[in-house]
Amino acid sequence: MLPGFAAIAADEWDACACPEAATGRPFDPFTTHRFLMALERSGSVGPQTGWDPRPLAVRAEGRTVAVAPLFVKSHSQGEYIFDHAWADALERAGGRYYPKFQIAVPFTPATGRRFLTAPGWETTGRAALIEGAVQIASEAKISSLHATFCTKEEAAAAEAMGLLHRVTQQYHWENRGYGDFADFLANLSSRKRKTIRKERQVAQAFGGTIRRLTGDDIRAEHWDAFWTFYQDTGRRKWGRPYLTRAFFDEVHATMRDDVLLILAERDGRPVAGALNFIGRDTLYGRYWGAVEDHPCLHFECCYYQAIDFAIEGDMTRVEAGAQGEHKLARGYLPEQVHSVHWIAEPAFRAAVARYLWSERDAIGQEIEVLTGYGPFRKGS
């Protein structure tokens, strides 16, 4: 267990986190050393935030072969896989839920590998990380260990090692080989096509222009505007923003090529915007905000512009973040999301296991029903 992400060299971490970056973009940017360091250097994570970084590293044959972004948590904020009820139940029974261990990307409900291994170490490295995390938690008398938004493969491997497997759901858009946005619309029912066309017309008539910016096209004043948007959304949703202003400066310095910033500008100034991160074949929608209220502008900036960008870039999917059944009508269908959990106290573990079993069945039924209400033509 390391005292922070600064304690390991970027190339050493990334050799496990994103070895595929040697031939292009990483699959997702969120477990790269540069993203995690942006959180750490900006003060967005740290002991004072309740997200205390304690990354794990496994060494063998004279090198690091596996790493995991582990945090010591003193609360359950910013995770998006909700366990508040578990904490309340254990503490009402006289136990202590916090601190807990969390293997995750803070404030980022995006699926990706959490047990990060160098090529050739996928099985043994992952097992060493899981066993090591459980052992450290047990010896430190930590109540629980959680790895959230992991891959389905990781969840199956961890479940085979005795961890509890949780299934929840999100809304994702899939590119079915569309040539352009009109091609996507052609796969929808007539009523949904008309609705989306109307929403785009309304949004784009807001009295200004919508621009997509990435890389060196993004300037300091764009981040100033987006910080204002982010603060407004953060105050309304979470009480206070999770990220500091310095985080966006760090992202600009080290990750601007990984960013798609969509800005709506009117009378020469940005009035709304959406921040996305670019993976190898997936676009990840993260934050939205506005200082003016315009009909349908949220849908245009967050969903339709993202679909346009993904089609143009031949990307396979868009992940639009947590929750939001309103995404269903706009072509984003429900998908399973996976996490794994280790609970120290046996009786509490058994109770959580029973809950997860029933929750998984309910989620499966919900996905089936919601998919049936999707906007696509029957048989498309």
# chains A, B, ... in the order shown; residues from 1 in each chain; ligands from 1
$ residues_around --residues "A:Lys141" --least-positions-apart "6" --cutoff "10 Å" --atoms "only C-alpha atoms" --output "list of chain:residue names"
A:Arg96, A:Pro99, A:Lys100, A:Gln135, A:Ala344, A:Glu345
$ select_by_dssp --residues "stretch 234-316 of chain A" --states "strand (DSSP E or B)" --output "PyMOL selection string"
chain A and resi 259-266+269-278+282-290
$ closest_residue --among "A:Ala66, A:Cys16, A:Ala6, A:Ile311" --to "A:Ala182" --atoms "only C-alpha atoms"
A:Ile311
$ select_by_dssp --residues "stretch 63-150 of chain A" --states "alpha helix (DSSP H)" --output "ChimeraX atom specification"
/A:84-92,122-139
$ residues_around --residues "stretch 297-300 of chain A" --least-positions-apart "3" --cutoff "10 Å" --atoms "only C-alpha atoms" --output "short mmCIF file (atom, residue, chain, number, x, y, z; two decimals) with N, CA and C atoms, in the first residue's frame"
data_model
loop_
_atom_site.label_atom_id
_atom_site.label_comp_id
_atom_site.auth_asym_id
_atom_site.auth_seq_id
_atom_site.Cartn_x
_atom_site.Cartn_y
_atom_site.Cartn_z
N ILE A 196 -36.99 13.56 -31.33
CA ILE A 196 -35.58 13.93 -31.27
C ILE A 196 -35.26 15.03 -32.27
N GLU A 199 -36.49 18.18 -30.72
CA GLU A 199 -35.63 18.63 -29.62
C GLU A 199 -34.36 19.27 -30.13
N ARG A 200 -33.77 18.70 -31.18
CA ARG A 200 -32.54 19.28 -31.72
C ARG A 200 -32.82 20.65 -32.35
N GLN A 201 -33.95 20.78 -33.03
CA GLN A 201 -34.29 22.07 -33.63
C GLN A 201 -34.51 23.13 -32.56
N VAL A 202 -35.21 22.76 -31.49
CA VAL A 202 -35.48 23.70 -30.40
C VAL A 202 -34.17 24.12 -29.73
N ALA A 203 -33.32 23.13 -29.44
CA ALA A 203 -32.06 23.43 -28.76
C ALA A 203 -31.17 24.32 -29.61
N GLN A 204 -31.06 24.01 -30.88
CA GLN A 204 -30.14 24.76 -31.73
C GLN A 204 -30.67 26.14 -32.11
N ALA A 205 -31.91 26.42 -31.73
CA ALA A 205 -32.48 27.75 -31.94
C ALA A 205 -32.41 28.60 -30.67
N PHE A 206 -31.50 28.26 -29.76
CA PHE A 206 -31.45 28.97 -28.48
C PHE A 206 -30.89 30.39 -28.60
N ILE A 210 -23.19 26.18 -30.92
CA ILE A 210 -22.67 25.07 -30.12
C ILE A 210 -21.36 24.62 -30.75
N ILE A 262 -18.00 20.50 -24.86
CA ILE A 262 -19.07 21.02 -25.72
C ILE A 262 -19.62 22.28 -25.06
N ALA A 264 -22.09 25.77 -25.40
CA ALA A 264 -23.12 26.58 -26.05
C ALA A 264 -22.82 28.04 -25.73
N ALA A 272 -23.66 27.42 -21.42
CA ALA A 272 -23.89 26.04 -20.99
C ALA A 272 -22.77 25.18 -21.56
N GLY A 273 -22.56 24.03 -20.94
CA GLY A 273 -21.50 23.16 -21.46
C GLY A 273 -21.57 21.77 -20.89
N ALA A 274 -20.93 20.84 -21.61
CA ALA A 274 -20.84 19.45 -21.18
C ALA A 274 -19.40 19.00 -21.34
N TRP A 288 -22.27 18.42 -16.70
CA TRP A 288 -23.05 19.39 -17.46
C TRP A 288 -23.40 20.54 -16.52
N GLY A 289 -23.53 21.73 -17.09
CA GLY A 289 -24.01 22.86 -16.30
C GLY A 289 -24.40 24.00 -17.21
N ALA A 290 -25.14 24.97 -16.65
CA ALA A 290 -25.62 26.10 -17.45
C ALA A 290 -25.87 27.30 -16.54
N GLU A 292 -27.84 29.78 -18.08
CA GLU A 292 -29.11 30.20 -18.66
C GLU A 292 -29.94 28.96 -18.95
N ASP A 293 -31.24 29.09 -18.84
CA ASP A 293 -32.14 27.96 -19.07
C ASP A 293 -32.74 28.07 -20.47
N HIS A 294 -32.39 27.10 -21.33
CA HIS A 294 -32.93 27.06 -22.68
C HIS A 294 -33.51 25.68 -22.94
N TYR A 303 -26.25 14.62 -24.94
CA TYR A 303 -26.59 13.35 -25.58
C TYR A 303 -26.41 13.37 -27.10
N TYR A 304 -27.00 14.32 -27.77
CA TYR A 304 -26.99 14.29 -29.23
C TYR A 304 -25.63 14.69 -29.80
N GLN A 305 -24.99 15.69 -29.21
CA GLN A 305 -23.64 16.05 -29.66
C GLN A 305 -22.67 14.90 -29.39
N ALA A 306 -22.86 14.20 -28.28
CA ALA A 306 -22.00 13.05 -27.97
C ALA A 306 -22.18 11.94 -28.99
N ILE A 307 -23.43 11.68 -29.38
CA ILE A 307 -23.69 10.67 -30.41
C ILE A 307 -23.05 11.08 -31.73
N HIS A 326 -34.60 9.47 -18.40
CA HIS A 326 -34.86 10.31 -19.56
C HIS A 326 -33.92 9.99 -20.72
N LYS A 327 -32.80 9.32 -20.44
CA LYS A 327 -31.87 8.94 -21.50
C LYS A 327 -32.46 7.86 -22.40
N ARG A 330 -33.85 8.72 -25.71
CA ARG A 330 -32.86 9.33 -26.60
C ARG A 330 -31.83 8.32 -27.11
#
$ closest_residue --among "A:Leu275, A:Ala133, A:Ile142, A:Ile363" --to "A:His338" --atoms "only C-alpha atoms"
A:Ile363
$ residues_around --residues "stretch 48-63 of chain A" --least-positions-apart "4" --cutoff "10 Å" --atoms "only C-alpha atoms" --output "PyMOL selection string"
chain A and resi 1-8+12-13+16+36+39-40+43-44+67-78+99+101-103+106+115-118+121+125-126+128-130+132-133+242
$ residues_around --residues "A:Arg113" --least-positions-apart "6" --cutoff "8 Å" --atoms "only C-alpha atoms" --output "list in words"
Cys150, Thr151 and Glu154 of chain A
$ write_last_selection --atoms "C-alpha atoms" --output "mmCIF file, in the first residue's frame"
data_model
loop_
_atom_site.group_PDB
_atom_site.id
_atom_site.type_symbol
_atom_site.label_atom_id
_atom_site.label_comp_id
_atom_site.auth_asym_id
_atom_site.auth_seq_id
_atom_site.Cartn_x
_atom_site.Cartn_y
_atom_site.Cartn_z
ATOM 1 C CA CYS A 150 -15.310 -3.000 -12.420
ATOM 2 C CA THR A 151 -15.602 -5.151 -15.537
ATOM 3 C CA GLU A 154 -13.269 -8.917 -12.860
#
$ atom_distance --atom1 "atom CA of A:Asp88" --atom2 "atom CA of A:Ile343"
14.5 Å
$ residues_around --residues "A:Tyr332" --least-positions-apart "6" --cutoff "8 Å" --atoms "only C-alpha atoms" --output "list of chain:residue names"
A:Tyr171, A:His172, A:Trp173, A:Glu174
